[in-house]
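File shown: run.cif. Contents: mmCIF, C-alpha atoms.
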```cif
data_my_file
#
loop_
_atom_site.label_atom_id
_atom_site.label_comp_id
_atom_site.auth_asym_id
_atom_site.auth_seq_id
_atom_site.Cartn_x
_atom_site.Cartn_y
_atom_site.Cartn_z
CA MET A 1 17.62 -73.72 59.98
CA ARG A 2 16.98 -75.70 56.82
CA ARG A 3 13.46 -74.30 56.45
CA ARG A 4 14.79 -70.81 56.98
CA LEU A 5 17.44 -71.33 54.26
CA ILE A 6 14.81 -72.63 51.85
CA LEU A 7 12.61 -69.62 52.66
CA ILE A 8 15.50 -67.21 52.01
CA ILE A 9 16.28 -68.88 48.69
CA ALA A 10 12.62 -68.80 47.67
CA VAL A 11 12.23 -65.13 48.62
CA THR A 12 15.45 -64.27 46.77
CA ALA A 13 14.34 -66.16 43.67
CA ILE A 14 10.94 -64.44 43.69
CA THR A 15 12.60 -61.05 44.18
CA VAL A 16 15.00 -61.66 41.28
CA ALA A 17 12.14 -62.88 39.08
CA ILE A 18 10.05 -59.81 39.89
CA THR A 19 13.03 -57.51 39.30
CA VAL A 20 13.91 -59.14 35.96
CA THR A 21 10.29 -59.05 34.84
CA ALA A 22 9.82 -55.45 35.90
CA GLY A 23 13.12 -54.52 34.22
CA TRP A 24 12.12 -56.25 30.99
CA PHE A 25 8.77 -54.48 30.83
CA PHE A 26 10.49 -51.20 31.67
CA PHE A 27 12.88 -51.63 28.75
CA VAL A 28 9.95 -52.60 26.51
CA GLN A 29 8.29 -49.29 27.32
CA GLN A 30 11.61 -47.49 26.75
CA THR A 31 11.99 -49.25 23.39
CA LYS A 32 8.42 -48.43 22.38
CA SER A 33 8.95 -44.78 23.32
CA ALA A 34 12.26 -44.66 21.39
CA ILE A 35 10.59 -46.17 18.30
CA ASN A 36 7.77 -43.64 18.38
CA GLN A 37 10.27 -40.82 18.88
CA TRP A 38 12.40 -42.07 15.98
CA ALA A 39 9.32 -42.33 13.74
CA GLU A 40 8.36 -38.76 14.64
CA ILE A 41 11.86 -37.51 13.73
CA GLN A 42 11.60 -39.31 10.38
CA ARG A 43 8.24 -37.66 9.68
CA GLU A 44 9.76 -34.25 10.37
CA ASN A 45 12.43 -35.08 7.77
CA GLY A 46 9.88 -36.07 5.12
CA THR A 47 9.74 -39.84 5.73
CA ASP A 48 6.50 -41.41 6.95
CA VAL A 49 6.99 -44.60 8.99
CA THR A 50 3.83 -46.48 9.95
CA TRP A 51 2.78 -49.97 11.05
CA GLN A 52 -0.42 -51.78 11.95
CA GLU A 53 0.75 -53.43 15.16
CA LEU A 54 3.84 -53.48 17.38
CA THR A 55 4.52 -56.60 19.44
CA PHE A 56 7.35 -57.50 21.84
CA SER A 57 8.88 -60.83 22.87
CA GLY A 58 12.26 -62.28 23.89
CA PHE A 59 11.81 -62.28 27.68
CA PRO A 60 14.01 -62.14 29.70
CA LEU A 61 17.36 -61.34 28.00
CA ARG A 62 16.26 -59.88 24.66
CA ILE A 63 13.72 -57.45 23.35
CA ASP A 64 12.37 -58.68 20.02
CA THR A 65 10.24 -56.04 18.34
CA GLN A 66 7.99 -57.06 15.45
CA PHE A 67 6.38 -54.53 13.11
CA ASP A 68 3.34 -56.04 11.41
CA THR A 69 2.69 -54.61 7.91
CA PRO A 70 5.09 -51.68 8.24
CA GLN A 71 5.43 -49.04 5.55
CA MET A 72 8.05 -46.40 4.81
CA VAL A 73 7.29 -43.53 2.46
CA ILE A 74 10.27 -41.32 1.55
CA ARG A 75 9.37 -38.00 -0.04
CA GLN A 76 11.91 -35.71 -1.66
CA ARG A 77 11.68 -32.97 -4.20
CA GLY A 78 9.84 -34.35 -7.23
CA ARG A 79 10.10 -38.00 -6.22
CA GLN A 80 8.77 -40.58 -3.82
CA ALA A 81 9.83 -44.08 -2.71
CA ILE A 82 7.60 -46.57 -0.88
CA TRP A 83 8.80 -49.74 0.85
CA LYS A 84 6.20 -52.09 2.30
CA PRO A 85 7.41 -55.44 3.73
CA SER A 86 5.14 -58.13 5.18
CA PHE A 87 6.74 -57.76 8.59
CA LEU A 88 10.01 -56.69 10.15
CA THR A 89 11.52 -57.96 13.39
CA PHE A 90 14.35 -56.34 15.35
CA LYS A 91 16.18 -58.22 18.11
CA VAL A 92 18.14 -56.29 20.74
CA SER A 93 20.24 -58.00 23.40
CA SER A 94 21.06 -56.37 26.74
CA ILE A 95 24.62 -57.70 26.33
CA THR A 96 25.26 -55.92 23.00
CA PRO A 97 22.64 -53.13 22.80
CA ASN A 98 24.31 -51.42 19.82
CA ALA A 99 24.06 -54.54 17.64
CA VAL A 100 20.50 -55.01 16.39
CA ASP A 101 19.57 -58.20 14.54
CA PHE A 102 16.80 -58.00 11.94
CA VAL A 103 14.64 -60.60 10.18
CA SER A 104 12.29 -59.81 7.29
CA PRO A 105 11.45 -62.72 4.97
CA GLY A 106 8.31 -62.71 2.85
CA SER A 107 7.18 -60.10 0.35
CA HIS A 108 8.47 -56.55 -0.09
CA ASP A 109 6.62 -54.06 -2.28
CA LEU A 110 8.84 -51.34 -3.78
CA ASN A 111 7.50 -48.31 -5.64
CA PHE A 112 9.47 -45.36 -7.02
CA THR A 113 8.06 -42.30 -8.76
CA GLN A 114 9.86 -39.27 -10.16
CA GLY A 115 7.76 -36.79 -12.06
CA ASP A 116 5.72 -38.77 -14.57
CA ALA A 117 8.05 -41.79 -14.43
CA ALA A 118 7.25 -44.74 -12.17
CA TRP A 119 8.86 -48.10 -11.37
CA SER A 120 7.72 -50.85 -9.03
CA ALA A 121 8.66 -54.41 -8.17
CA LEU A 122 7.69 -57.22 -5.86
CA ILE A 123 10.57 -58.84 -3.96
CA GLU A 124 9.97 -62.16 -2.23
CA ALA A 125 12.56 -63.80 -0.02
CA GLU A 126 12.59 -67.10 1.84
CA THR A 127 15.44 -65.76 3.98
CA LEU A 128 16.41 -62.17 4.73
CA GLU A 129 18.30 -61.51 7.94
CA GLY A 130 21.28 -59.63 9.26
CA GLU A 131 22.66 -57.19 11.79
CA ALA A 132 22.82 -53.41 12.10
CA LEU A 133 25.60 -51.78 14.15
CA PHE A 134 24.96 -48.37 15.72
CA PRO A 135 27.23 -45.90 17.51
CA PRO A 136 26.98 -46.02 21.33
CA ALA A 137 23.67 -44.58 22.57
CA ASN A 138 22.75 -43.37 19.08
CA TYR A 139 20.14 -45.21 17.02
CA GLN A 140 19.74 -42.42 14.46
CA LYS A 141 22.75 -43.49 12.37
CA ILE A 142 23.84 -46.95 11.21
CA ASN A 143 27.59 -47.61 11.01
CA GLN A 144 27.32 -51.02 9.37
CA LEU A 145 24.58 -53.21 7.92
CA THR A 146 25.34 -56.85 7.10
CA GLY A 147 23.04 -59.63 6.04
CA GLN A 148 22.29 -62.64 3.91
CA PHE A 149 19.39 -63.65 1.71
CA ALA A 150 18.16 -66.80 -0.02
CA GLY A 151 15.31 -67.92 -2.23
CA VAL A 152 14.80 -64.44 -3.66
CA ARG A 153 12.37 -63.62 -6.49
CA VAL A 154 12.36 -60.10 -7.97
CA THR A 155 9.44 -59.33 -10.29
CA PRO A 156 9.49 -55.84 -11.83
CA VAL A 157 6.15 -54.45 -12.92
CA ALA A 158 4.94 -55.81 -16.29
CA TRP A 159 7.40 -58.74 -16.16
CA ALA A 160 5.77 -62.12 -16.65
CA GLU A 161 8.64 -63.99 -14.95
CA PRO A 162 10.90 -62.97 -12.05
CA ILE A 163 14.64 -62.71 -11.60
CA THR A 164 15.64 -65.35 -9.06
CA ILE A 165 18.63 -65.48 -6.71
CA GLU A 166 19.49 -68.68 -4.90
CA ARG A 167 21.50 -66.97 -2.15
CA GLY A 168 23.79 -64.06 -1.42
CA ASN A 169 25.08 -61.64 1.16
CA PHE A 170 25.75 -57.93 1.58
CA ASP A 171 27.79 -55.60 3.77
CA VAL A 172 27.16 -51.85 3.81
CA THR A 173 29.58 -49.72 5.84
CA LEU A 174 29.51 -46.00 6.62
CA SER A 175 32.92 -44.72 7.69
CA ALA A 176 34.35 -41.34 8.61
CA PRO A 177 36.72 -39.67 6.13
CA THR A 178 40.46 -40.05 6.40
CA ALA A 179 42.89 -37.15 6.18
CA THR A 180 42.86 -35.81 2.61
CA VAL A 181 43.76 -32.64 0.78
CA GLN A 182 40.09 -31.74 0.60
CA PRO A 183 37.77 -32.55 3.50
CA GLN A 184 35.15 -35.09 2.51
CA GLY A 185 32.07 -36.52 4.12
CA ASP A 186 31.49 -40.07 5.25
CA SER A 187 32.21 -42.75 2.67
CA LEU A 188 29.71 -45.51 1.89
CA ALA A 189 31.05 -48.95 0.97
CA LEU A 190 28.99 -51.83 -0.44
CA ASP A 191 30.15 -55.44 -0.69
CA LEU A 192 27.55 -57.53 -2.52
CA THR A 193 27.56 -61.14 -3.72
CA ALA A 194 24.73 -63.00 -5.47
CA ARG A 195 24.94 -66.65 -6.50
CA SER A 196 22.89 -68.62 -9.02
CA VAL A 197 21.03 -65.68 -10.52
CA GLY A 198 18.25 -66.82 -12.84
CA LEU A 199 17.27 -64.45 -15.65
CA PRO A 200 13.88 -64.75 -17.37
CA PRO A 201 14.48 -66.44 -20.77
CA ASN A 202 12.22 -63.89 -22.47
CA ALA A 203 14.56 -61.11 -21.34
CA LEU A 204 17.44 -62.72 -23.29
CA LYS A 205 15.66 -63.70 -26.48
CA GLY A 206 16.97 -61.98 -29.57
CA THR A 207 20.28 -60.99 -27.95
CA ALA A 208 23.78 -62.47 -28.07
CA LEU A 209 23.50 -63.14 -24.33
CA GLU A 210 20.89 -65.81 -25.09
CA ILE A 211 23.83 -68.09 -26.01
CA LEU A 212 25.00 -68.05 -22.39
CA GLY A 213 21.68 -69.26 -21.01
CA PRO A 214 19.49 -67.89 -18.21
CA LEU A 215 21.66 -68.81 -15.21
CA VAL A 216 24.44 -66.50 -13.98
CA ASP A 217 26.67 -68.51 -11.67
CA ARG A 218 27.96 -65.62 -9.59
CA PHE A 219 28.03 -61.84 -9.48
CA SER A 220 29.93 -59.81 -6.91
CA THR A 221 31.11 -56.24 -6.50
CA VAL A 222 32.82 -54.00 -3.95
CA VAL A 223 31.88 -50.34 -4.35
CA GLN A 224 32.80 -47.26 -2.35
CA VAL A 225 31.10 -43.87 -2.68
CA THR A 226 33.35 -41.11 -1.36
CA GLY A 227 32.66 -37.43 -0.83
CA GLU A 228 30.00 -35.49 1.01
CA LEU A 229 26.71 -36.04 -0.82
CA ASP A 230 23.41 -34.70 0.43
CA THR A 231 21.14 -37.66 -0.28
CA GLY A 232 18.08 -35.61 0.60
CA ALA A 233 18.07 -34.11 -2.91
CA THR A 234 20.02 -35.21 -5.98
CA ASP A 235 19.74 -31.90 -7.77
CA ILE A 236 22.28 -29.82 -9.70
CA ALA A 237 23.52 -27.93 -6.64
CA THR A 238 24.15 -31.00 -4.44
CA LEU A 239 25.73 -33.01 -7.28
CA THR A 240 28.00 -30.11 -8.23
CA ALA A 241 29.11 -29.76 -4.60
CA TRP A 242 29.77 -33.50 -4.42
CA ARG A 243 31.81 -33.46 -7.64
CA ASP A 244 33.79 -30.36 -6.66
CA GLY A 245 34.49 -31.93 -3.26
CA GLY A 246 36.23 -34.87 -4.91
CA GLY A 247 33.24 -37.22 -4.90
CA THR A 248 33.75 -40.50 -6.80
CA VAL A 249 32.32 -44.00 -7.08
CA GLU A 250 35.19 -46.47 -6.76
CA PHE A 251 34.61 -50.03 -7.99
CA ALA A 252 37.31 -51.99 -6.19
CA SER A 253 36.14 -55.14 -7.92
CA ILE A 254 33.44 -56.49 -10.21
CA GLU A 255 33.24 -60.20 -10.95
CA LEU A 256 30.84 -62.08 -13.22
CA LEU A 257 30.82 -65.85 -13.80
CA TRP A 258 28.34 -66.78 -16.51
CA GLU A 259 28.70 -70.12 -18.28
CA SER A 260 32.05 -70.01 -20.13
CA LEU A 261 32.59 -66.31 -19.41
CA ARG A 262 34.57 -64.97 -16.49
CA ILE A 263 34.74 -61.19 -16.32
CA THR A 264 36.61 -59.20 -13.67
CA ALA A 265 37.00 -55.44 -13.59
CA ASN A 266 37.81 -52.45 -11.46
CA GLY A 267 37.53 -48.73 -12.10
CA THR A 268 36.19 -45.33 -11.13
CA LEU A 269 33.15 -43.24 -12.02
CA ALA A 270 32.73 -39.52 -11.41
CA LEU A 271 30.77 -36.58 -12.86
CA ASP A 272 32.17 -34.41 -15.64
CA SER A 273 31.67 -30.67 -16.16
CA GLU A 274 28.17 -31.35 -17.53
CA LEU A 275 27.29 -33.58 -14.55
CA GLN A 276 27.35 -36.66 -16.78
CA PRO A 277 29.00 -39.94 -15.65
CA ALA A 278 32.59 -40.40 -16.77
CA GLY A 279 35.17 -43.00 -15.89
CA SER A 280 37.37 -45.88 -16.89
CA PHE A 281 37.60 -49.59 -16.09
CA ALA A 282 40.31 -52.19 -16.46
CA THR A 283 38.45 -55.28 -17.65
CA ARG A 284 39.73 -58.84 -17.91
CA ILE A 285 37.67 -61.43 -19.82
CA ALA A 286 38.33 -65.18 -19.92
CA GLY A 287 36.38 -67.70 -21.96
CA PHE A 288 35.41 -65.17 -24.61
CA GLY A 289 36.69 -67.43 -27.38
CA LYS A 290 34.10 -70.09 -26.49
CA PHE A 291 31.44 -67.41 -26.47
CA ILE A 292 32.40 -66.29 -29.98
CA THR A 293 32.28 -69.90 -31.23
CA ALA A 294 28.87 -70.44 -29.65
CA MET A 295 27.50 -67.29 -31.27
CA GLU A 296 28.89 -68.33 -34.66
CA GLU A 297 27.40 -71.83 -34.41
CA ALA A 298 24.05 -70.40 -33.37
CA GLY A 299 24.07 -67.93 -36.27
CA ALA A 300 24.18 -64.90 -33.99
CA ILE A 301 27.25 -63.61 -35.88
CA THR A 302 28.64 -64.37 -39.34
CA PRO A 303 31.79 -66.47 -39.84
CA ASN A 304 33.58 -63.36 -41.11
CA ASP A 305 32.68 -61.35 -37.99
CA ALA A 306 33.71 -64.31 -35.84
CA ALA A 307 37.13 -64.45 -37.55
CA ILE A 308 37.68 -60.72 -36.99
CA ALA A 309 36.67 -61.10 -33.34
CA ARG A 310 39.12 -63.97 -32.85
CA ILE A 311 41.99 -61.95 -34.37
CA THR A 312 41.20 -59.00 -32.12
CA LEU A 313 40.93 -61.31 -29.13
CA ALA A 314 44.29 -62.91 -29.90
CA VAL A 315 45.99 -59.48 -29.91
CA LEU A 316 44.50 -58.55 -26.51
CA THR A 317 44.83 -61.93 -24.77
CA ARG A 318 47.47 -62.41 -22.07
CA ALA A 319 48.44 -65.36 -19.90
CA SER A 320 46.76 -65.36 -16.51
CA ASP A 321 48.94 -64.62 -13.47
CA ASP A 322 47.05 -67.09 -11.26
CA GLY A 323 47.43 -70.10 -13.55
CA GLY A 324 43.87 -69.88 -14.81
CA PRO A 325 42.72 -69.62 -18.42
CA ASP A 326 44.19 -66.94 -20.69
CA ARG A 327 42.26 -63.70 -20.58
CA ALA A 328 41.81 -60.62 -22.70
CA GLU A 329 42.63 -57.34 -21.01
CA ILE A 330 40.33 -54.70 -22.46
CA PRO A 331 40.01 -51.10 -21.19
CA ILE A 332 36.48 -49.71 -21.07
CA THR A 333 35.98 -45.94 -20.84
CA LEU A 334 32.99 -43.64 -20.53
CA GLN A 335 33.57 -40.08 -21.68
CA ASP A 336 31.22 -37.53 -23.25
CA ARG A 337 28.47 -40.16 -22.79
CA ILE A 338 30.22 -42.57 -25.18
CA VAL A 339 31.17 -46.06 -23.97
CA ARG A 340 34.33 -47.30 -25.66
CA LEU A 341 35.84 -50.78 -25.68
CA GLY A 342 39.46 -49.87 -26.23
CA PRO A 343 39.38 -47.39 -29.14
CA VAL A 344 36.05 -48.69 -30.48
CA ALA A 345 32.89 -46.69 -29.65
CA LEU A 346 30.19 -49.13 -28.54
CA ILE A 347 27.23 -46.96 -27.57
CA GLU A 348 26.26 -43.36 -26.88
CA LEU A 349 24.24 -42.95 -23.71
CA PRO A 350 21.34 -40.50 -23.49
CA PRO A 351 22.05 -37.43 -21.34
CA ILE A 352 20.90 -37.38 -17.74
CA VAL A 353 18.75 -34.32 -17.08
CA TRP A 354 19.01 -33.26 -13.44
CA GLU A 355 16.42 -31.01 -11.88
#
```
Show me, as structure tokens, the structure contained in the file I just sent.
Amino acid sequence: MRRRLILIIAVTAITVAITVTAGWFFFVQQTKSAINQWAEIQRENGTDVTWQELTFSGFPLRIDTQFDTPQMVIRQRGRQAIWKPSFLTFKVSSITPNAVDFVSPGSHDLNFTQGDAAWSALIEAETLEGEALFPPANYQKINQLTGQFAGVRVTPVAWAEPITIERGNFDVTLSAPTATVQPQGDSLALDLTARSVGLPPNALKGTALEILGPLVDRFSTVVQVTGELDTGATDIATLTAWRDGGGTVEFASIELLWESLRITANGTLALDSELQPAGSFATRIAGFGKFITAMEEAGAITPNDAAIARITLAVLTRASDDGGPDRAEIPITLQDRIVRLGPVALIELPPIVWE
């Protein structure tokens, strides 16, 4: 009886092992087929997705798919974008198949061209990982993309030194529209935070910002793009339709901590009748008095200009509601391509020529 029981257990274990193994390899083939099908759909839409080798691991509960030397080439009217990471790994669990983890540290080559203009950069990251959430049984559309990064170096072309980021995180969410007067498309929300951002000293030389030094303590923003925008082509027709449909870019918050400066803001951008950006921001600045003193001591501004700046600052400064340092509340507007700080015109932006 005992031998028979042991035999039954052994046969059952072998059967389960064979079933699990066969099931895993079956799902690997299904995953490989789905990836090839997805890549073919992207090619039909003008995006070439290629890789040198596709490998699978994670047996028995996960399917980890690694793309070695992948490349994505996005072609649209008059422009092209190329993204080439060292490798990219996706991890899918049978328990939560609609939540796909991704890992992609190492180097990322970015190249953008539009007409005769070109821009490229090398991004290197010690850590880049996160999760993509998809609708049930639909891997063509991402509902949410979250992740974190660390040890990042961004070197634009022709820059001798990179921009560095110690660590940060992001959250991109695509949500369906709510009931409004005008029907709108899905809204795209971005929540981004970057800490200890190092700026190349050469990029600050000869500017007032050199007083603050090359290290930005923290930058964060929460942005939402509303309205139905055809991202396949940012031409006059699609931008006009987006504007007329109530499309806006809402900055729920912007925060910058840089040495003695603390800047917070919120506001809205849209397109005017000439398809030029227009909007307004409520801006609150703390620590600006120390910045003025530092610029005066460094000879960046004259004592007379510093005195005028302090008087203006005193008029605009209010006590902080949260018990922090006093802050100046300064409205910033963009209209007719002119950026104004309160009533003072700061700069006139060049017009954007859309194709």
- Message: Selection in question (the file shown): the PyMOL selection byres ((chain A and resi 287) around 7). Which residues does it include, as an MDAnalysis selection string?
- Response: chainID A and resid 260:262 285:286 288:291
- Within 6 Å of file point (36.4, -52.3, -20.3), counting all atoms listed in the file, expressed as a list of chain:residue names: A:Phe281, A:Ala282, A:Thr283, A:Ile330, A:Pro331, A:Ile332, A:Leu341
Take the residues from that selection and write them out as an mmCIF file, in the frame of the given file, keeping C-alpha atoms.
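Full text of part-v5.cif as output:
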```cif
data_model
loop_
_atom_site.group_PDB
_atom_site.id
_atom_site.type_symbol
_atom_site.label_atom_id
_atom_site.label_comp_id
_atom_site.auth_asym_id
_atom_site.auth_seq_id
_atom_site.Cartn_x
_atom_site.Cartn_y
_atom_site.Cartn_z
ATOM 1 C CA PHE A 281 37.600 -49.590 -16.090
ATOM 2 C CA ALA A 282 40.310 -52.190 -16.460
ATOM 3 C CA THR A 283 38.450 -55.280 -17.650
ATOM 4 C CA ILE A 330 40.330 -54.700 -22.460
ATOM 5 C CA PRO A 331 40.010 -51.100 -21.190
ATOM 6 C CA ILE A 332 36.480 -49.710 -21.070
ATOM 7 C CA LEU A 341 35.840 -50.780 -25.680
#
```
- Can you list what the PyMOL selection byres ((chain A and resi 61-65) around 10) grabs from this structure, as a ChimeraX atom specification? /A:20,24-25,27-28,31-32,35,54-60,66-68,88-97,100-102
- Between A:Asn36, A:Ser187, A:Leu209, A:Gln140, which has the minimum distance to Ala294 of chain A (counting all atoms listed in the file)? A:Leu209
- Message: Take the PyMOL selection byres ((chain A and resi 258) around 9), run it mentally on this structure, and tell me the resulting residues as a PyMOL selection string.
- Response: chain A and resi 212-213+215-219+256-257+259-263
- Task: Name all residues at most 8 Å from Asn111 of chain A (count all atoms listed in the file; drop same-chain ones fewer than 2 positions away) and give them as number ranges by chain.
- Result: A: 81-83, 109, 113, 118-121
- Check the smallest atom-to-atom distance from each of A:Ser220, A:Thr302, A:Thr127, A:Gln114 to Arg153 of chain A using all atoms listed in the file, then report the winner.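 Smallest separation from Arg153 of chain A among the options: A:Thr127.
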- Hey, can you check how far atom CA of Asp171 of chain A sits from atom CA of Gln148 of chain A?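 For atom CA of Asp171 of chain A relative to atom CA of Gln148 of chain A, the distance reads 8.9 Å.
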- Selected residue, from A:Phe87, A:Phe170, A:Trp159, A:Phe26, that lies nearest to Thr146 of chain A when counting all atoms listed in the file: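 Distance minimum relative to Thr146 of chain A lands on A:Phe170.
Of the residues under consideration (A:Met295, A:Leu192, A:Ile211, A:Val152), A:Leu192 shows the shortest atom-to-atom contact distance to Phe251 of chain A when counting all atoms listed in the file.
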At a cut-off of 10 Å from (8.5, -58.9, -0.6) in the coordinates of the file, what residues are picked up using all atoms listed in the file, written as an mmCIF file with C-alpha atoms, in the coordinates of the input?
```cif
data_model
loop_
_atom_site.group_PDB
_atom_site.id
_atom_site.type_symbol
_atom_site.label_atom_id
_atom_site.label_comp_id
_atom_site.auth_asym_id
_atom_site.auth_seq_id
_atom_site.Cartn_x
_atom_site.Cartn_y
_atom_site.Cartn_z
ATOM 1 C CA TRP A 83 8.800 -49.740 0.850
ATOM 2 C CA LYS A 84 6.200 -52.090 2.300
ATOM 3 C CA PRO A 85 7.410 -55.440 3.730
ATOM 4 C CA SER A 86 5.140 -58.130 5.180
ATOM 5 C CA PHE A 87 6.740 -57.760 8.590
ATOM 6 C CA SER A 104 12.290 -59.810 7.290
ATOM 7 C CA PRO A 105 11.450 -62.720 4.970
ATOM 8 C CA GLY A 106 8.310 -62.710 2.850
ATOM 9 C CA SER A 107 7.180 -60.100 0.350
ATOM 10 C CA HIS A 108 8.470 -56.550 -0.090
ATOM 11 C CA ASP A 109 6.620 -54.060 -2.280
ATOM 12 C CA LEU A 110 8.840 -51.340 -3.780
ATOM 13 C CA ALA A 121 8.660 -54.410 -8.170
ATOM 14 C CA LEU A 122 7.690 -57.220 -5.860
ATOM 15 C CA ILE A 123 10.570 -58.840 -3.960
ATOM 16 C CA GLU A 124 9.970 -62.160 -2.230
ATOM 17 C CA ALA A 125 12.560 -63.800 -0.020
ATOM 18 C CA GLU A 126 12.590 -67.100 1.840
ATOM 19 C CA VAL A 152 14.800 -64.440 -3.660
ATOM 20 C CA ARG A 153 12.370 -63.620 -6.490
ATOM 21 C CA VAL A 154 12.360 -60.100 -7.970
ATOM 22 C CA THR A 155 9.440 -59.330 -10.290
#
```
- Query: Quick one: distance from atom CA of Gln335 of chain A to atom CA of Ile236 of chain A in Å, one decimal?
  - Reply: 19.4 Å
- Task: Could you tell me how far atom CA of Gly147 of chain A lies from atom CA of Ala194 of chain A, in Å and to one decimal?
- Result: 12.1 Å
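Residues within 7 Å of Thr268 of chain A, counting all atoms listed in the file and excluding same-chain residues fewer than 2 positions away, are A:Thr248, A:Val249, A:Glu250, A:Phe251, A:Ala270, A:Gly279, A:Ser280, A:Phe281.
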- Query: Nearest to Ala203 of chain A: which of A:Ala132, A:Ile74, A:Leu271, A:Ala160 is it, counting only C-alpha atoms?
  - Reply: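 For Ala203 of chain A, the nearest of the given residues is A:Ala160.
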